[in-house]
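Notes follow the structure.
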Amino acid sequence: MYIWLGTVILTVFLFTRIPTVKKSIHVRNSFLVKKCSIIIPARNEEQTIGNLLSSIQKQFIQPVEVIVVNDGSKDRTKEIAEGYGATVIDPLPLPSGWNGKSWACWNGMKASKGEFLLFVDSDTWFEQAGLLRICETYQQQQCQGVLSIHPYHRMNSGYEALSMIFHLMVFASTGVTHLLSGLFTPSGGFGQCFLCSRDVYRRIGGHEAIKGEMVEHFALSRHAKKCGESVEAVSGSNAISMRMYGNGLRELMQGWSKSFASGAKSTNIILLGLSSLWIAAFTSLIIHSPVMVWTNPYIYMIQYIFLSVYLYFIISRIGNFTVFDTLLFPIHILFFIVTFSHSVLTTFFTKNTKWKDRYVYIEKGKDEKMK
């Protein structure tokens with residue numbers, strides 16, 4: 001009983017709310033979109049870049065420009081982007097000390113002319129009127145500070161739902177979901193979608209200020225906060241979506257392993273501790289489940305269903321997860337532990353991991369380096 005109660009208290013405290021992009025839109029704010037430069041860093045993204053560019057073309061209000069930064073692609077990424085009418089630039093070779101994605105974003109900014117800079121990953125796409133929803137959400141901040149958006153996770157295969165606990169941990173790390181989040185500003189942001197004005201970007205030093213960071217937009221959000229800028233982090237439900245790791249379980253595990261342990265190093269120590277305690281509580285609940293079922297199966301069933309339904313209430317605002325997915329939370333917890341352990345091993349012991357045919361080398365006492 002105490003284990004279940006502790007798990008529930010931690011779950012409700014850590015995940016009281018999931019803020020989302022503004023749902024309603026007003027056509028009179030179309031001018032916001034027309035001031036926006038969309039910058040897309042892309043490396044070997046021929047399978048996804050077309051979907052994103054097509055979704056931009058379908059927006060009833062068009063941005064001032066769409067810039068695709070071809071980050072050394074060896075496939076047809078460049079040709080596809082040019083076919084959709086995007087401006088494609090090839091940055092200079094990656095300088096020492098720079099993360100590849102940060103370098104691409106930095107070069108995209110220098111080639112842009114919009115008043116607002118919207119950085120989006122190439123495996124995302126905009127929903128109908130999504131671009132206007134995002135710009136209006138930023139307007140609620142008086143177009144000041146930075147807006148970090150976690151795209152809504154749309155899944156087509158069952159194994160993709162194994163990302164559930166990772167998504168929850170990512171949201172928890174920003175500090176926007178817990179019971180007292182209304183009293184504090186977010187401690188970080190998300191990696192796939194980042195919006196700020198050109199003036200704000202210059203004031204915080206842009207991607208050059210966090211050039212060696214692995215989780216670049218999380219780090220840039222934290223840096224913006226240190227510079228005195230306002231920071232907001234929200235779910236992209238009804239505005240921007242993504243499909244992560246659609247090429248199999250191995251890619252999913254490798255993708256989350258890429259940066260999760262190094263990202264944990266940058267998380268607020270209190271939030272990291274509470275999140276770790278939450279995982280430990282769920283693990284303890286799973287371990288003691290056989291005894292609890294044997295002692296009082298009906299009470300255990302009620303408790304189990306309550307936790308599953310509450311998890312669904314939270315996670316459904318992050319992705320198209322089902323109640324069936326949350327009913328299988330013991331499997332998700334186990335997968336998280338195994339993958340996170342693998343991430344710790346590659347980050348702190350073997351000192352390298354591979355992602356999109358680049359090795360990420362982690363040097364003791366230094367930032368990660370992409371080569």
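By convention here, the chains of the structure tokens are called A, B, ... in the order presented, each chain's residues are numbered starting at 1, and ligands are numbered starting at 1 in the order presented.
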
For segment 244-253 of chain A: contacts at 9 Å, only C-alpha atoms, fewer than 2 positions along chain excluded, given as an mmCIF file with C-alpha atoms, in the first residue's frame:
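Now in result_2.cif:
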data_model
loop_
_atom_site.group_PDB
_atom_site.id
_atom_site.type_symbol
_atom_site.label_atom_id
_atom_site.label_comp_id
_atom_site.auth_asym_id
_atom_site.auth_seq_id
_atom_site.Cartn_x
_atom_site.Cartn_y
_atom_site.Cartn_z
ATOM 1 C CA ASP A 123 11.468 14.551 -39.155
ATOM 2 C CA THR A 124 8.617 16.848 -38.053
ATOM 3 C CA HIS A 153 4.516 12.107 -31.275
ATOM 4 C CA ARG A 154 2.511 10.187 -33.900
ATOM 5 C CA MET A 155 3.225 6.448 -33.996
ATOM 6 C CA ASN A 156 2.379 3.820 -36.604
ATOM 7 C CA SER A 157 3.897 0.693 -35.027
ATOM 8 C CA TYR A 159 7.207 -0.751 -30.673
ATOM 9 C CA GLU A 160 7.253 3.049 -31.038
ATOM 10 C CA LEU A 162 8.233 2.257 -25.932
ATOM 11 C CA SER A 163 9.223 5.942 -26.066
ATOM 12 C CA MET A 242 6.793 14.036 -35.548
ATOM 13 C CA GLY A 255 18.225 7.310 -30.807
ATOM 14 C CA TRP A 256 17.271 7.670 -27.144
ATOM 15 C CA SER A 257 20.703 6.446 -26.053
ATOM 16 C CA LYS A 258 22.370 9.135 -28.164
ATOM 17 C CA PHE A 335 12.787 -0.687 -21.505
ATOM 18 C CA THR A 339 18.145 1.894 -22.638
ATOM 19 C CA HIS A 342 23.134 1.615 -22.308
#

Item to complete: Give the strand (DSSP E) residues of segment 24-257 of chain A, as DSSP finds them on the backbone, and put them as a PyMOL selection string.
Response: chain A and resi 36-42+65-70+87-89+116-120+124-126+146-150+152-153+193-197+231-235+240-242

Worksheet entry | Shell of 8 Å around His207 of chain A, only C-alpha atoms, local chain residues under 6 positions omitted, as a list in words | Ser102, Trp103, Cys105, Trp106, Glu216 and Leu220 of chain A

Practice prompt. Determine which residues of segment 144-208 of chain A DSSP labels as helix (DSSP H, G or I) from the backbone of this structure, then write them out as JSON, numbers by chain.
Written response: {"A": [158, 159, 160, 161, 162, 163, 164, 165, 166, 167, 168, 169, 170, 171, 172, 173, 174, 181, 182, 183, 198, 199, 200, 201, 202, 203, 204, 206, 207, 208]}

Worksheet entry | Near-segment 60-72 of chain A list (9 Å; only C-alpha atoms; drop same-chain fewer than 5 positions) as a PyMOL selection string | chain A and resi 30-44+53+77-78+81-82+85-91+93+100-101+103-105+107-109+111-114+122+128-129+131-132

Discussion item. Just the number, please: distance in Å from atom CA of Asn296 of chain A to atom CA of Val12 of chain A, one decimal.
Written reply: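 Going from atom CA of Asn296 of chain A over to atom CA of Val12 of chain A covers 24.0 Å.
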
Worksheet entry | Given only C-alpha atoms as the counted atoms, nearest of A:Leu168, A:Glu79, A:Arg17, A:Ser24 to Trp278 of chain A |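 Among A:Leu168, A:Glu79, A:Arg17, A:Ser24, it is A:Leu168 that comes nearest to Trp278 of chain A.
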
Discussion item. One number please: atom CA of Thr48 of chain A to atom CA of Ser197 of chain A, in Å, one decimal.
Written reply: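 About the pair atom CA of Thr48 of chain A and atom CA of Ser197 of chain A: they are 26.7 Å apart.
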
Worksheet item: Can you tell me, as a PyMOL selection string, what residues are no more than 8 Å from Ser235 of chain A when counting only C-alpha atoms, ignoring any on the same chain fewer than 5 positions away?
Response: chain A and resi 18-21+149-152+317-318

Discussion item. Could you tell me how far atom CA of Phe324 of chain A sits from atom CA of Ser275 of chain A, in Å to one decimal place?
Written reply: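 Interatomic distance, atom CA of Ser275 of chain A to atom CA of Phe324 of chain A: 23.4 Å.
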
Item to complete: Please provide the set of residues having any atom within 9 Å of Phe340 of chain A, restricted to only C-alpha atoms, with same-chain residues fewer than 3 positions apart removed, written as a list in words.
Response: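 My list of contacting residues is Trp256, Ser257, Phe260, Ala261, Phe335, Phe336, Ile337, Ser343, Val344 and Leu345 of chain A.
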
Residues as selected, C-alpha atoms, written as an mmCIF file, in the first residue's frame, can you do that?
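Heads up, here's the output in out-v5.cif:
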data_model
loop_
_atom_site.group_PDB
_atom_site.id
_atom_site.type_symbol
_atom_site.label_atom_id
_atom_site.label_comp_id
_atom_site.auth_asym_id
_atom_site.auth_seq_id
_atom_site.Cartn_x
_atom_site.Cartn_y
_atom_site.Cartn_z
ATOM 1 C CA TRP A 256 17.271 7.670 -27.144
ATOM 2 C CA SER A 257 20.703 6.446 -26.053
ATOM 3 C CA PHE A 260 19.735 10.887 -22.791
ATOM 4 C CA ALA A 261 22.520 10.374 -20.253
ATOM 5 C CA PHE A 335 12.787 -0.687 -21.505
ATOM 6 C CA PHE A 336 13.655 2.729 -20.109
ATOM 7 C CA ILE A 337 16.028 1.250 -17.521
ATOM 8 C CA SER A 343 23.261 5.403 -22.674
ATOM 9 C CA VAL A 344 25.258 5.756 -19.450
ATOM 10 C CA LEU A 345 27.680 3.075 -20.652
#
